[in-house]
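Participant: Before anything else, here's the structure in question.
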Amino acid sequence: MKKKIKNSIFYMVMFLLSLVMVFPFLWMISTSFKYDTQVFTIPIEWIPNPVNLSNYVKVWTEEPFLIFYKNTALVAVCATVGQVVISAFAAYAFAKIKFAGRNFVFGLYIATMMVPWHTIMIPQYQIISRLQLTDTHLALIMGQLASAFGIFLLRQFFLTIPDELIEAARIDGAGEIITFGRIVLPQAKPALATLIIFTFIQVWNDYMAPLIYLNTKEKYTIQLGLKFFQSEHTMQYTIIMAGTVCALIPILVVFLFFEKQITSGMIHSGLKG
């Protein structure tokens, strides 16, 4: 009986917390369909009456949101593919290939996760500038190719793969590339899916890097374009919320579609150290 009461209290608290978390998103969606006079009505009018669709029309007609989408998709896809490939190879080396100082090098690499990006922002900009890559999407892609988190995530999963499978492949004459591609990767789909989703969301939502490297409006990503859009529509909350909803749609779709892979990947990758 006590256990049931505790469980009921726990689920009730979790439900209330979930409402607190989802409240801003519901208000954002509701506001995006309102007129300006309906925004701050008390009590909150969750279902606007009448519904105003002109906010979304203005978002797509007054600013080149389609170009922002294409730019962001290009950067996000290229950066995600590059980071997953590099992280997978590095994680396999740290997990399954024995070499002198392996754990020490891995520890140093993981220690970089404790260094805030803002501390390397200026040196990174100097490197990009000397390579003459400022105001290009390649600068954004290169900045996302190396990820200590990605290597850590995949290494933890690779450690759960029995060494006997890899040794058997080597005895049969398979090289490291064939072993990696045919034995390790097929079993690492949950971890790979998790890294793909995390990287895609991170790059899609990135604001600081595009702000630093991009100068041409036609090259803006969605987050930078949305900020520019907000500066032109100050205090017009309905239009700003409509633009924000448009920017979040791809993220919500990707997360909902791969939710099971995220959970499975995080569970498996965190079990073994």
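Going through the structure tokens in order, the chains are called A, B, and so on, while each chain numbers its residues from 1 and the ligands are numbered from 1 in the order shown.
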For range 133-224 of chain A versus range 53-74 of chain A, which residues have an atom no more than 6 Å away, and what is each residue's nearest atom pair and distance in Å rounded to one decimal, using only C-alpha atoms, chain-then-number order, as a Markdown table?
Facilitator:
```
| residue | atom | partner | partner_atom | distance |
| --- | --- | --- | --- | --- |
| A:Tyr220 | CA | A:Phe68 | CA | 5.8 |
| A:Thr221 | CA | A:Thr72 | CA | 4.8 |
| A:Ile222 | CA | A:Phe68 | CA | 4.8 |
```
Participant: Got a sec: who's within 9 Å of Ile166 in chain A, counting only C-alpha atoms, leaving out chain neighbours fewer than 4 positions off, as a ChimeraX atom specification?
Facilitator: /A:96,161-162,170-171,179-180,183-184
Participant: Would you compute the distance between CA of Leu185 in chain A and CA of Cys78 in chain A? Give it in Å to one decimal.
Facilitator: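 CA of Cys78 in chain A lies 19.7 Å from CA of Leu185 in chain A.
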Participant: When DSSP is applied to the backbone of this structure, which of range 71-138 of chain A are assigned helix (DSSP H, G or I)? Write them out as number ranges by chain.
Facilitator: A: 71-96, 102-114, 117-119, 121-130, 137-138
Participant: Find the spatial neighbours of Ile97 in chain A, counting only C-alpha atoms, within a cut-off of 12 Å - ignore same-chain residues fewer than 4 positions away - and output them as a VMD selection string.
Facilitator: chain A and resid 89 to 93 101 to 103 155 158 to 159 163 166 to 167 176 to 177 179 to 180
Participant: Hey, can you spit out that residue selection with C-alpha atoms as a PDB file, in the first residue's frame?
Facilitator:
```
ATOM      1  CA  PHE A  89      36.827   5.554 -36.296  1.00  0.00           C
ATOM      2  CA  ALA A  90      38.388   7.206 -33.250  1.00  0.00           C
ATOM      3  CA  ALA A  91      36.074   5.395 -30.828  1.00  0.00           C
ATOM      4  CA  TYR A  92      36.885   2.040 -32.424  1.00  0.00           C
ATOM      5  CA  ALA A  93      40.600   2.709 -32.016  1.00  0.00           C
ATOM      6  CA  GLY A 101      49.214   5.260 -23.995  1.00  0.00           C
ATOM      7  CA  ARG A 102      45.697   4.534 -25.242  1.00  0.00           C
ATOM      8  CA  ASN A 103      43.938   5.309 -21.973  1.00  0.00           C
ATOM      9  CA  ARG A 155      33.531   4.083 -27.367  1.00  0.00           C
ATOM     10  CA  PHE A 158      31.924  -0.441 -28.666  1.00  0.00           C
ATOM     11  CA  LEU A 159      33.242  -1.727 -25.331  1.00  0.00           C
ATOM     12  CA  ASP A 163      36.239  -9.075 -28.258  1.00  0.00           C
ATOM     13  CA  ILE A 166      36.595  -9.149 -33.496  1.00  0.00           C
ATOM     14  CA  GLU A 167      39.294 -11.769 -32.844  1.00  0.00           C
ATOM     15  CA  GLU A 176      40.662  -3.560 -39.295  1.00  0.00           C
ATOM     16  CA  ILE A 177      38.538  -1.701 -41.859  1.00  0.00           C
ATOM     17  CA  THR A 179      36.155  -5.775 -39.100  1.00  0.00           C
ATOM     18  CA  PHE A 180      35.027  -2.279 -38.264  1.00  0.00           C
TER      19      PHE A 180
END
```
Participant: Identify, on the basis of only C-alpha atoms, every residue whose closest approach to range 84-86 of chain A does not exceed 9 Å; exclude the query and any residue fewer than 3 positions from it along the same chain; express the result as a PyMOL selection string.
Facilitator: chain A and resi 79-81+89-91+145-147+150-151+192+195-196+199
